[in-house]
Every structure is written in C-alpha cells, then in structure tokens.
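So this block is upload_19.cif, mmCIF, C-alpha atoms:
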data_work
loop_
_atom_site.group_PDB
_atom_site.id
_atom_site.type_symbol
_atom_site.label_atom_id
_atom_site.label_comp_id
_atom_site.auth_asym_id
_atom_site.auth_seq_id
_atom_site.Cartn_x
_atom_site.Cartn_y
_atom_site.Cartn_z
ATOM 1 C CA MET A 1 -90.146 -41.803 61.184
ATOM 2 C CA ASN A 2 -90.501 -40.073 64.541
ATOM 3 C CA GLU A 3 -89.996 -41.926 67.784
ATOM 4 C CA SER A 4 -93.273 -43.130 69.254
ATOM 5 C CA ILE A 5 -95.258 -40.201 70.634
ATOM 6 C CA HIS A 6 -98.125 -40.228 73.130
ATOM 7 C CA LEU A 7 -100.659 -37.707 74.410
ATOM 8 C CA ASP A 8 -98.636 -36.955 77.519
ATOM 9 C CA ASN A 9 -95.669 -35.735 75.474
ATOM 10 C CA LEU A 10 -97.603 -34.114 72.641
ATOM 11 C CA TYR A 11 -96.762 -30.397 72.409
ATOM 12 C CA ILE A 12 -99.775 -28.339 71.315
ATOM 13 C CA ALA A 13 -99.970 -24.691 70.271
ATOM 14 C CA LEU A 14 -103.517 -23.576 71.121
ATOM 15 C CA VAL A 15 -104.508 -20.386 69.282
ATOM 16 C CA GLU A 16 -107.723 -19.028 70.762
ATOM 17 C CA PRO A 17 -108.515 -15.339 71.470
ATOM 18 C CA SER A 18 -111.398 -16.107 73.836
ATOM 19 C CA THR A 19 -110.287 -16.733 77.407
ATOM 20 C CA THR A 20 -113.429 -18.745 78.080
ATOM 21 C CA GLN A 21 -112.943 -20.962 75.031
ATOM 22 C CA PHE A 22 -109.255 -21.380 75.849
ATOM 23 C CA HIS A 23 -110.081 -22.699 79.323
ATOM 24 C CA ILE A 24 -112.723 -25.067 77.911
ATOM 25 C CA ILE A 25 -110.356 -26.528 75.311
ATOM 26 C CA ARG A 26 -107.404 -26.628 77.719
ATOM 27 C CA ASP A 27 -109.433 -28.496 80.336
ATOM 28 C CA HIS A 28 -110.566 -31.047 77.761
ATOM 29 C CA LEU A 29 -106.960 -31.538 76.652
ATOM 30 C CA LYS A 30 -105.749 -31.983 80.213
ATOM 31 C CA ASN A 31 -108.507 -34.510 80.905
ATOM 32 C CA LEU A 32 -107.201 -36.492 77.937
ATOM 33 C CA GLY A 33 -103.666 -36.421 79.305
ATOM 34 C CA VAL A 34 -102.152 -33.530 77.357
ATOM 35 C CA VAL A 35 -99.894 -31.395 79.559
ATOM 36 C CA ASN A 36 -97.693 -29.451 77.108
ATOM 37 C CA ILE A 37 -99.946 -26.626 75.920
ATOM 38 C CA ALA A 38 -98.833 -23.163 74.772
ATOM 39 C CA HIS A 39 -101.593 -20.539 74.501
ATOM 40 C CA PHE A 40 -101.628 -17.739 71.920
ATOM 41 C CA GLU A 41 -104.326 -15.133 71.357
ATOM 42 C CA ASN A 42 -103.447 -14.336 67.734
ATOM 43 C CA GLY A 43 -101.789 -15.897 64.721
ATOM 44 C CA THR A 44 -98.814 -13.551 64.526
ATOM 45 C CA ALA A 45 -97.616 -14.336 68.057
ATOM 46 C CA ALA A 46 -98.187 -18.041 67.488
ATOM 47 C CA LEU A 47 -96.189 -18.114 64.247
ATOM 48 C CA SER A 48 -93.299 -16.182 65.801
ATOM 49 C CA GLU A 49 -92.988 -18.581 68.725
ATOM 50 C CA MET A 50 -93.625 -21.696 66.653
ATOM 51 C CA LEU A 51 -90.672 -20.907 64.399
ATOM 52 C CA ASN A 52 -88.439 -21.130 67.472
ATOM 53 C CA ASP A 53 -90.200 -24.016 69.184
ATOM 54 C CA GLN A 54 -92.067 -26.197 66.700
ATOM 55 C CA PRO A 55 -95.222 -27.843 68.108
ATOM 56 C CA ASP A 56 -96.495 -31.287 67.201
ATOM 57 C CA LEU A 57 -99.994 -29.936 66.688
ATOM 58 C CA VAL A 58 -101.738 -26.589 66.245
ATOM 59 C CA ILE A 59 -105.328 -26.200 67.423
ATOM 60 C CA SER A 60 -106.845 -22.945 66.246
ATOM 61 C CA ALA A 61 -110.071 -20.972 66.162
ATOM 62 C CA MET A 62 -111.269 -19.614 62.826
ATOM 63 C CA HIS A 63 -111.585 -15.944 63.687
ATOM 64 C CA LEU A 64 -108.415 -14.514 65.220
ATOM 65 C CA PRO A 65 -107.758 -10.809 65.938
ATOM 66 C CA ASP A 66 -105.168 -10.482 63.155
ATOM 67 C CA MET A 67 -106.195 -13.102 60.597
ATOM 68 C CA THR A 68 -108.563 -15.960 59.873
ATOM 69 C CA GLY A 69 -107.788 -19.579 60.577
ATOM 70 C CA THR A 70 -107.719 -20.006 56.794
ATOM 71 C CA ASP A 71 -104.928 -17.421 56.523
ATOM 72 C CA PHE A 72 -103.162 -18.960 59.506
ATOM 73 C CA VAL A 73 -102.981 -22.502 58.150
ATOM 74 C CA ALA A 74 -101.869 -21.150 54.746
ATOM 75 C CA LEU A 75 -98.938 -19.359 56.430
ATOM 76 C CA ILE A 76 -98.044 -22.564 58.266
ATOM 77 C CA ARG A 77 -98.089 -24.589 55.050
ATOM 78 C CA ASP A 78 -95.967 -21.951 53.286
ATOM 79 C CA SER A 79 -93.267 -22.187 55.953
ATOM 80 C CA ASP A 80 -90.348 -24.551 55.366
ATOM 81 C CA VAL A 81 -90.084 -25.005 59.143
ATOM 82 C CA LEU A 82 -93.772 -25.507 59.955
ATOM 83 C CA ARG A 83 -95.164 -27.024 56.748
ATOM 84 C CA GLU A 84 -95.735 -30.501 58.152
ATOM 85 C CA VAL A 85 -97.130 -29.503 61.559
ATOM 86 C CA SER A 86 -100.527 -31.099 62.157
ATOM 87 C CA PHE A 87 -103.520 -28.743 62.361
ATOM 88 C CA ILE A 88 -106.988 -28.968 63.926
ATOM 89 C CA LEU A 89 -109.618 -26.263 63.487
ATOM 90 C CA ILE A 90 -112.292 -25.685 66.136
ATOM 91 C CA SER A 91 -115.003 -23.395 64.816
ATOM 92 C CA SER A 92 -118.719 -22.876 64.351
ATOM 93 C CA GLU A 93 -117.979 -21.406 60.914
ATOM 94 C CA THR A 94 -119.694 -23.192 58.027
ATOM 95 C CA SER A 95 -118.974 -20.799 55.163
ATOM 96 C CA PHE A 96 -117.463 -22.590 52.152
ATOM 97 C CA GLN A 97 -114.989 -19.764 51.489
ATOM 98 C CA TYR A 98 -113.441 -20.269 54.930
ATOM 99 C CA ILE A 99 -113.733 -24.013 55.398
ATOM 100 C CA GLU A 100 -112.841 -25.390 51.957
ATOM 101 C CA PRO A 101 -109.282 -23.931 51.834
ATOM 102 C CA ILE A 102 -108.640 -25.452 55.256
ATOM 103 C CA ARG A 103 -109.833 -28.843 54.053
ATOM 104 C CA GLN A 104 -107.549 -28.510 51.039
ATOM 105 C CA ALA A 105 -104.589 -27.495 53.223
ATOM 106 C CA GLY A 106 -104.507 -30.919 54.802
ATOM 107 C CA VAL A 107 -105.839 -30.761 58.332
ATOM 108 C CA ILE A 108 -106.375 -33.553 60.814
ATOM 109 C CA ALA A 109 -109.902 -32.522 61.768
ATOM 110 C CA ILE A 110 -112.439 -29.703 61.750
ATOM 111 C CA LEU A 111 -114.380 -29.738 65.022
ATOM 112 C CA PRO A 112 -117.573 -27.794 65.719
ATOM 113 C CA LYS A 113 -117.881 -25.251 68.486
ATOM 114 C CA PRO A 114 -119.061 -26.498 70.909
ATOM 115 C CA PHE A 115 -117.591 -29.984 70.457
ATOM 116 C CA GLU A 116 -117.906 -33.248 72.349
ATOM 117 C CA ALA A 117 -114.934 -34.512 74.339
ATOM 118 C CA SER A 118 -115.042 -37.708 72.263
ATOM 119 C CA GLN A 119 -114.605 -35.671 69.064
ATOM 120 C CA LEU A 120 -111.473 -34.026 70.410
ATOM 121 C CA GLU A 121 -110.137 -37.364 71.602
ATOM 122 C CA GLN A 122 -110.670 -38.899 68.160
ATOM 123 C CA ALA A 123 -108.881 -35.950 66.538
ATOM 124 C CA LEU A 124 -105.919 -36.327 68.899
ATOM 125 C CA VAL A 125 -105.701 -40.064 68.210
ATOM 126 C CA ALA A 126 -105.752 -39.264 64.482
ATOM 127 C CA THR A 127 -102.946 -36.753 65.081
ATOM 128 C CA LEU A 128 -100.786 -39.358 66.786
ATOM 129 C CA ASP A 129 -101.464 -41.763 63.933
ATOM 130 C CA PHE A 130 -100.470 -39.108 61.397
ATOM 131 C CA ILE A 131 -97.263 -38.169 63.238
ATOM 132 C CA ASP A 132 -96.218 -41.750 63.938
ATOM 133 C CA ALA A 133 -98.002 -43.764 61.271
ATOM 134 C CA ASP A 134 -97.585 -47.531 61.052
ATOM 135 C CA PRO A 135 -96.450 -48.756 57.623
ATOM 136 C CA LEU A 136 -99.089 -50.405 55.458
ATOM 137 C CA ASN A 137 -98.486 -54.151 55.293
ATOM 138 C CA LEU A 138 -99.719 -55.878 52.160
ATOM 139 C CA ASP A 139 -100.036 -59.644 51.946
ATOM 140 C CA THR A 140 -98.960 -60.056 48.342
ATOM 141 C CA GLN A 141 -96.814 -57.029 47.460
ATOM 142 C CA GLU A 142 -94.013 -54.835 48.787
ATOM 143 C CA ILE A 143 -95.437 -51.353 49.265
ATOM 144 C CA GLU A 144 -92.105 -49.746 48.350
ATOM 145 C CA ALA A 145 -92.416 -51.208 44.853
ATOM 146 C CA LEU A 146 -95.860 -49.747 44.157
ATOM 147 C CA SER A 147 -96.198 -46.625 42.022
ATOM 148 C CA VAL A 148 -98.782 -43.996 42.995
ATOM 149 C CA LEU A 149 -100.210 -40.983 41.140
ATOM 150 C CA ILE A 150 -101.659 -38.099 43.199
ATOM 151 C CA VAL A 151 -104.014 -35.800 41.275
ATOM 152 C CA ASP A 152 -105.175 -32.547 42.907
ATOM 153 C CA ASP A 153 -105.186 -28.916 41.787
ATOM 154 C CA SER A 154 -104.282 -27.816 45.322
ATOM 155 C CA LYS A 155 -100.536 -27.963 45.986
ATOM 156 C CA LEU A 156 -101.238 -28.045 49.732
ATOM 157 C CA ALA A 157 -103.594 -30.995 49.326
ATOM 158 C CA ARG A 158 -101.004 -32.867 47.248
ATOM 159 C CA GLN A 159 -98.377 -32.211 49.918
ATOM 160 C CA HIS A 160 -100.678 -33.563 52.634
ATOM 161 C CA ILE A 161 -101.617 -36.677 50.656
ATOM 162 C CA ARG A 162 -97.956 -37.280 49.746
ATOM 163 C CA LYS A 163 -96.916 -36.997 53.408
ATOM 164 C CA THR A 164 -99.659 -39.455 54.392
ATOM 165 C CA LEU A 165 -98.695 -41.971 51.711
ATOM 166 C CA THR A 166 -95.006 -41.615 52.535
ATOM 167 C CA ALA A 167 -95.731 -42.153 56.223
ATOM 168 C CA ILE A 168 -97.424 -45.495 55.531
ATOM 169 C CA GLY A 169 -94.608 -46.693 53.290
ATOM 170 C CA PHE A 170 -95.104 -45.519 49.700
ATOM 171 C CA VAL A 171 -91.941 -44.339 47.949
ATOM 172 C CA ASN A 172 -92.703 -44.039 44.220
ATOM 173 C CA ILE A 173 -95.086 -41.065 44.074
ATOM 174 C CA THR A 174 -95.892 -38.849 41.068
ATOM 175 C CA GLU A 175 -98.058 -35.706 41.178
ATOM 176 C CA ALA A 176 -100.421 -34.069 38.679
ATOM 177 C CA ALA A 177 -102.281 -30.762 39.110
ATOM 178 C CA ASP A 178 -105.416 -31.760 37.175
ATOM 179 C CA GLY A 179 -106.965 -34.525 35.131
ATOM 180 C CA ARG A 180 -105.252 -33.525 31.903
ATOM 181 C CA GLU A 181 -101.806 -33.697 33.508
ATOM 182 C CA ALA A 182 -102.790 -37.044 35.000
ATOM 183 C CA VAL A 183 -103.736 -38.404 31.568
ATOM 184 C CA ALA A 184 -100.282 -37.474 30.268
ATOM 185 C CA GLU A 185 -98.645 -39.279 33.195
ATOM 186 C CA ILE A 186 -100.851 -42.345 32.727
ATOM 187 C CA LYS A 187 -99.858 -42.554 29.049
ATOM 188 C CA ASN A 188 -96.176 -42.590 30.004
ATOM 189 C CA GLN A 189 -96.137 -44.726 33.143
ATOM 190 C CA TYR A 190 -97.982 -47.621 34.761
ATOM 191 C CA PHE A 191 -99.466 -46.930 38.202
ATOM 192 C CA ASP A 192 -100.526 -49.376 40.908
ATOM 193 C CA LEU A 193 -102.764 -46.772 42.598
ATOM 194 C CA ILE A 194 -104.270 -43.392 41.692
ATOM 195 C CA VAL A 195 -105.423 -40.967 44.399
ATOM 196 C CA THR A 196 -107.428 -38.095 42.947
ATOM 197 C CA ASP A 197 -109.505 -35.093 43.988
ATOM 198 C CA TYR A 198 -112.940 -34.495 42.459
ATOM 199 C CA HIS A 199 -113.151 -30.721 41.926
ATOM 200 C CA MET A 200 -110.364 -29.705 39.519
ATOM 201 C CA PRO A 201 -110.131 -27.324 36.545
ATOM 202 C CA VAL A 202 -109.635 -28.467 32.936
ATOM 203 C CA MET A 203 -110.631 -32.085 33.685
ATOM 204 C CA ASP A 204 -112.249 -33.019 36.976
ATOM 205 C CA GLY A 205 -111.898 -36.238 38.947
ATOM 206 C CA CYS A 206 -115.046 -37.827 37.581
ATOM 207 C CA GLU A 207 -113.952 -37.206 33.978
ATOM 208 C CA LEU A 208 -110.517 -38.571 34.807
ATOM 209 C CA VAL A 209 -111.995 -41.772 36.237
ATOM 210 C CA LYS A 210 -114.170 -42.240 33.155
ATOM 211 C CA TYR A 211 -111.130 -41.799 30.910
ATOM 212 C CA ILE A 212 -109.080 -44.309 32.892
ATOM 213 C CA ARG A 213 -111.830 -46.913 32.904
ATOM 214 C CA THR A 214 -112.741 -46.625 29.223
ATOM 215 C CA ASN A 215 -109.830 -45.178 27.224
ATOM 216 C CA SER A 216 -106.575 -45.801 29.050
ATOM 217 C CA SER A 217 -104.136 -48.700 28.867
ATOM 218 C CA GLN A 218 -104.662 -49.441 32.580
ATOM 219 C CA PRO A 219 -108.451 -49.534 33.052
ATOM 220 C CA SER A 220 -108.338 -51.720 36.177
ATOM 221 C CA VAL A 221 -105.957 -49.570 38.243
ATOM 222 C CA PRO A 222 -107.359 -48.935 41.765
ATOM 223 C CA ILE A 223 -108.621 -45.344 42.121
ATOM 224 C CA LEU A 224 -109.193 -43.642 45.465
ATOM 225 C CA MET A 225 -111.220 -40.416 45.306
ATOM 226 C CA VAL A 226 -110.356 -38.045 48.166
ATOM 227 C CA THR A 227 -112.897 -35.237 48.158
ATOM 228 C CA SER A 228 -114.811 -32.775 50.332
ATOM 229 C CA GLU A 229 -117.865 -33.215 48.111
ATOM 230 C CA ASP A 230 -120.988 -34.057 50.132
ATOM 231 C CA ASN A 231 -123.692 -33.761 47.478
ATOM 232 C CA GLU A 232 -125.332 -37.177 47.195
ATOM 233 C CA ASN A 233 -125.978 -36.846 43.459
ATOM 234 C CA GLN A 234 -122.361 -35.910 42.794
ATOM 235 C CA LEU A 235 -121.117 -38.769 44.968
ATOM 236 C CA ALA A 236 -123.396 -41.173 43.104
ATOM 237 C CA ALA A 237 -121.924 -39.950 39.796
ATOM 238 C CA ILE A 238 -118.414 -40.526 41.139
ATOM 239 C CA GLU A 239 -119.289 -44.081 42.152
ATOM 240 C CA GLN A 240 -120.891 -44.786 38.768
ATOM 241 C CA ALA A 241 -117.766 -43.516 37.000
ATOM 242 C CA GLY A 242 -115.886 -46.433 38.526
ATOM 243 C CA VAL A 243 -113.863 -45.331 41.540
ATOM 244 C CA SER A 244 -112.609 -48.074 43.839
ATOM 245 C CA ALA A 245 -113.310 -46.071 47.013
ATOM 246 C CA ILE A 246 -114.221 -42.570 48.212
ATOM 247 C CA CYS A 247 -112.702 -40.821 51.227
ATOM 248 C CA GLY A 248 -113.722 -37.432 52.616
ATOM 249 C CA LYS A 249 -111.556 -34.428 53.481
ATOM 250 C CA PRO A 250 -110.176 -34.112 56.052
ATOM 251 C CA PHE A 251 -109.285 -37.787 56.329
ATOM 252 C CA GLU A 252 -107.686 -39.950 58.983
ATOM 253 C CA VAL A 253 -104.546 -41.935 58.237
ATOM 254 C CA SER A 254 -106.159 -45.073 59.636
ATOM 255 C CA ARG A 255 -109.023 -44.805 57.130
ATOM 256 C CA ILE A 256 -106.676 -44.173 54.204
ATOM 257 C CA ARG A 257 -104.609 -47.183 55.280
ATOM 258 C CA LYS A 258 -107.674 -49.449 55.417
ATOM 259 C CA LEU A 259 -109.081 -48.234 52.091
ATOM 260 C CA ILE A 260 -105.789 -48.608 50.242
ATOM 261 C CA ARG A 261 -105.182 -52.051 51.681
ATOM 262 C CA LYS A 262 -108.650 -53.117 50.537
ATOM 263 C CA ILE A 263 -108.559 -51.718 47.018
ATOM 264 C CA VAL A 264 -104.935 -52.551 46.190
ATOM 265 C CA GLN A 265 -105.315 -56.186 47.222
#

Mind turning the file's structure into structure tokens?
Amino acid sequence: MNESIHLDNLYIALVEPSTTQFHIIRDHLKNLGVVNIAHFENGTAALSEMLNDQPDLVISAMHLPDMTGTDFVALIRDSDVLREVSFILISSETSFQYIEPIRQAGVIAILPKPFEASQLEQALVATLDFIDADPLNLDTQEIEALSVLIVDDSKLARQHIRKTLTAIGFVNITEAADGREAVAEIKNQYFDLIVTDYHMPVMDGCELVKYIRTNSSQPSVPILMVTSEDNENQLAAIEQAGVSAICGKPFEVSRIRKLIRKIVQ
C-alpha cells in the first residue's frame, strides 16, 4: 500500500502533441491543485523518461506523432516498470478499434475532447482512489478469506481487475481466460465471488453465468459482470442470465467496492 497521496503531490506525465490542448489540460490540472506535470509531445519520449522517473498517472491523447494512444498504453502495460501506472485517455475518438483495447487495458477514465473540468476532477479522484485504495470492510466476513475467480480473455484486463481487487483487500485470486477455463476452475474449487467479462471466445460471460446458475455446484455464488457492452438488449440478456451486478469499463474503484460489498453480503 502506498503512503497517502493527494493531488498536490501527484506526478503526471501529460502526453499531448498539440500545444493548445496541452495548455488547456495543464491549466485545468493546475486549477485542481496538480503542480507536478511533465509534458511530452510523443509516446517514445514519454516512455524513455518514464522508465527513469515513473509517474503516478499518464494522461494521453489518442493520436500521437509516433503511435496511437492504444499502442502507447499497450507498451506501458507490457513494461515491468510501468505496468501498474494509472492511465487516462483524453480524445474525441469513438472508433471501436481504438477505444476497446484501451478499455481492456485497464484505464482510469476515457474523457471526451473537449471535456468538462468536473470530468477531469472525477477522473483524478478515481486515480487517487486506485493508487491508495481503502480496504473493503465486510460486516460478516474477513475479506482475506474470500476466494475470487477473474474471467476475462484479455490478460491486461485481468491484471487491472486483479490489481483493483488486491488493493481493496482480496488475497485468494484465481484467473481464467474464458468461460470454459472458468468452468474447469469452478468444478475444482469453491469461490465466494466471480468477476467476469462478457465478450469472450469459446464461452462468453452470459453463457458462463447460465452454466453457473443452472448446472454448477455453486449456483448462488455472487457474479459481477465487468463489461464495456452498452447494447441494451445484450445488457438485458446478461441480467436475465442471473448476474448479481453489472459494472462498465473503465470502472472506478469506489464503484467496484460498493458493488462487491452489496453482492457479497
């Protein structure tokens, strides 16, 4: 657990090729009390410096001179040094091929361009909560004793969910890359909580939930669906399958904490 961190000692790497946009974002950050800001115009320069001086948070545009924001966050997550650095994207990009990998990579927030000052403030508060998360206190159980299964075909997404769960106190965590792997784990071990993605190959999240509720030996286990799905019909199908709660990607630690507390107890 890190020592308590606040906005005035948060170190941010701001990667933005546009001078105008840099000044806009920097001024918003300063108005919120952030003073430690390093500016980079491209991803290569940012990565080089960040390896020597690791930031608490990266705020990046989508379209950089040398790479996309999607490429940039993937390089960060592939680095042993930078893997757990928090990331916020600020972009007007809406293309699925760009945005979905960033959602899967485990980011704090995706803000529009232009954004409201309140949106940036909320993202920074979520960052502080992620870096210095309060443990989840349960009235009837010790969180360290609970066993959790994370199911997601994205390794980056599993890493992000694991880090979040670890930060709020979970210790016994098992991972599965799709629904079929999850079924094998469920047959061999009892779980107190299952956190699963929706879109997965072989056996998706909805099929997994249906299996757990109707064919498994632990049909009442709490299931949290963490998904970027926004189609109302698909979400309705997920609810009908029997999930305990649904949370969108990207998610805030505070929301995950509240949902887990509610469904576990």

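Proximity of A:Thr20, A:Asn172, A:Ser86, A:Thr94 to Ala126 (chain A), computed with all atoms listed in the file, is greatest for A:Ser86.
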
(message) Need the shell around Asp230 (chain A): protein/DNA/RNA residues with any atom at most 12 Å away, counting only C-alpha atoms. Skip same-chain ones fewer than 2 positions apart. Format as a PyMOL selection string?
(response) chain A and resi 198-199+226-228+232-238+246-249

Residues matched by the PyMOL selection byres ((chain A and resi 68) around 12), written as a PDB file with C-alpha atoms, in the coordinates of the input:
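For reference, result_18.pdb as written:
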ATOM      1  CA  VAL A  15    -104.508 -20.386  69.282  1.00  0.00           C
ATOM      2  CA  GLU A  16    -107.723 -19.028  70.762  1.00  0.00           C
ATOM      3  CA  PRO A  17    -108.515 -15.339  71.470  1.00  0.00           C
ATOM      4  CA  ASN A  42    -103.447 -14.336  67.734  1.00  0.00           C
ATOM      5  CA  GLY A  43    -101.789 -15.897  64.721  1.00  0.00           C
ATOM      6  CA  THR A  44     -98.814 -13.551  64.526  1.00  0.00           C
ATOM      7  CA  SER A  60    -106.845 -22.945  66.246  1.00  0.00           C
ATOM      8  CA  ALA A  61    -110.071 -20.972  66.162  1.00  0.00           C
ATOM      9  CA  MET A  62    -111.269 -19.614  62.826  1.00  0.00           C
ATOM     10  CA  HIS A  63    -111.585 -15.944  63.687  1.00  0.00           C
ATOM     11  CA  LEU A  64    -108.415 -14.514  65.220  1.00  0.00           C
ATOM     12  CA  PRO A  65    -107.758 -10.809  65.938  1.00  0.00           C
ATOM     13  CA  ASP A  66    -105.168 -10.482  63.155  1.00  0.00           C
ATOM     14  CA  MET A  67    -106.195 -13.102  60.597  1.00  0.00           C
ATOM     15  CA  GLY A  69    -107.788 -19.579  60.577  1.00  0.00           C
ATOM     16  CA  THR A  70    -107.719 -20.006  56.794  1.00  0.00           C
ATOM     17  CA  ASP A  71    -104.928 -17.421  56.523  1.00  0.00           C
ATOM     18  CA  PHE A  72    -103.162 -18.960  59.506  1.00  0.00           C
ATOM     19  CA  VAL A  73    -102.981 -22.502  58.150  1.00  0.00           C
ATOM     20  CA  ALA A  74    -101.869 -21.150  54.746  1.00  0.00           C
ATOM     21  CA  LEU A  75     -98.938 -19.359  56.430  1.00  0.00           C
ATOM     22  CA  LEU A  89    -109.618 -26.263  63.487  1.00  0.00           C
ATOM     23  CA  SER A  91    -115.003 -23.395  64.816  1.00  0.00           C
ATOM     24  CA  GLU A  93    -117.979 -21.406  60.914  1.00  0.00           C
ATOM     25  CA  GLN A  97    -114.989 -19.764  51.489  1.00  0.00           C
ATOM     26  CA  TYR A  98    -113.441 -20.269  54.930  1.00  0.00           C
ATOM     27  CA  ILE A  99    -113.733 -24.013  55.398  1.00  0.00           C
ATOM     28  CA  PRO A 101    -109.282 -23.931  51.834  1.00  0.00           C
ATOM     29  CA  ILE A 102    -108.640 -25.452  55.256  1.00  0.00           C
TER      30      ILE A 102
END

(message) Residues within 12 Å of region 23-31 of chain A, please, as a VMD selection string. Count all atoms listed in the file; anything in the same chain fewer than 6 positions from it doesn't count.
(response) chain A and resid 7 to 17 37 to 39 59 to 61 89 to 91 111 113 to 124

Print the selection's residues with C-alpha atoms to a file, as a JSON list (two decimals), in the frame of the given file.
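Just written: out-v1.json:
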[["chain", "number", "residue", "atom", "x", "y", "z"],
["A", 7, "LEU", "CA", -100.66, -37.71, 74.41],
["A", 8, "ASP", "CA", -98.64, -36.96, 77.52],
["A", 9, "ASN", "CA", -95.67, -35.74, 75.47],
["A", 10, "LEU", "CA", -97.60, -34.11, 72.64],
["A", 11, "TYR", "CA", -96.76, -30.40, 72.41],
["A", 12, "ILE", "CA", -99.78, -28.34, 71.32],
["A", 13, "ALA", "CA", -99.97, -24.69, 70.27],
["A", 14, "LEU", "CA", -103.52, -23.58, 71.12],
["A", 15, "VAL", "CA", -104.51, -20.39, 69.28],
["A", 16, "GLU", "CA", -107.72, -19.03, 70.76],
["A", 17, "PRO", "CA", -108.52, -15.34, 71.47],
["A", 37, "ILE", "CA", -99.95, -26.63, 75.92],
["A", 38, "ALA", "CA", -98.83, -23.16, 74.77],
["A", 39, "HIS", "CA", -101.59, -20.54, 74.50],
["A", 59, "ILE", "CA", -105.33, -26.20, 67.42],
["A", 60, "SER", "CA", -106.84, -22.94, 66.25],
["A", 61, "ALA", "CA", -110.07, -20.97, 66.16],
["A", 89, "LEU", "CA", -109.62, -26.26, 63.49],
["A", 90, "ILE", "CA", -112.29, -25.68, 66.14],
["A", 91, "SER", "CA", -115.00, -23.40, 64.82],
["A", 111, "LEU", "CA", -114.38, -29.74, 65.02],
["A", 113, "LYS", "CA", -117.88, -25.25, 68.49],
["A", 114, "PRO", "CA", -119.06, -26.50, 70.91],
["A", 115, "PHE", "CA", -117.59, -29.98, 70.46],
["A", 116, "GLU", "CA", -117.91, -33.25, 72.35],
["A", 117, "ALA", "CA", -114.93, -34.51, 74.34],
["A", 118, "SER", "CA", -115.04, -37.71, 72.26],
["A", 119, "GLN", "CA", -114.60, -35.67, 69.06],
["A", 120, "LEU", "CA", -111.47, -34.03, 70.41],
["A", 121, "GLU", "CA", -110.14, -37.36, 71.60],
["A", 122, "GLN", "CA", -110.67, -38.90, 68.16],
["A", 123, "ALA", "CA", -108.88, -35.95, 66.54],
["A", 124, "LEU", "CA", -105.92, -36.33, 68.90]]

(message) Which residues would end up in the selection if the PyMOL selection byres ((chain A and resi 194) around 8) were applied here, given that I need the answer as a count of residues only?
(response) 13

(request) Name the residues that the PyMOL selection byres ((chain A and resi 156) around 9) pulls out of this structure, and write them as a list of chain:residue names. (result)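 Listing what the PyMOL selection byres ((chain A and resi 156) around 9) selects in the shown file: A:Ala74, A:Arg77, A:Asp78, A:Gln104, A:Ala105, A:Gly106, A:Asp153, A:Ser154, A:Lys155, A:Ala157, A:Arg158, A:Gln159, A:His160, A:Ile161.
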
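The two atoms in question, CA of Val58 (chain A) and CA of Arg83 (chain A), are spaced 11.6 Å apart.
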
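Going from CA of Ile143 (chain A) to CA of Lys258 (chain A) covers 13.8 Å.
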
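Taking CA of Leu82 (chain A) and CA of Asn36 (chain A) as endpoints, the distance between them is 18.0 Å.
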
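When all atoms listed in the file are used to measure the gap to Tyr211 (chain A), the shortest distance among A:Glu229, A:Asp134, A:Ala184, A:Tyr190 belongs to A:Ala184.
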
(request) Give the answer as one residue: which of A:Val85, A:Ile76, A:Leu57, A:Ala176 has the shortest atom-to-atom distance to Asp197 (chain A), using only C-alpha atoms? (result) A:Ala176

(message) I'd like the neighbourhood of Asp139 (chain A) as a PyMOL selection string, where a residue qualifies if any of its atoms comes within 12 Å (using all atoms listed in the file), though same-chain residues fewer than 5 positions away should be ignored.
(response) chain A and resi 261-262+264-265
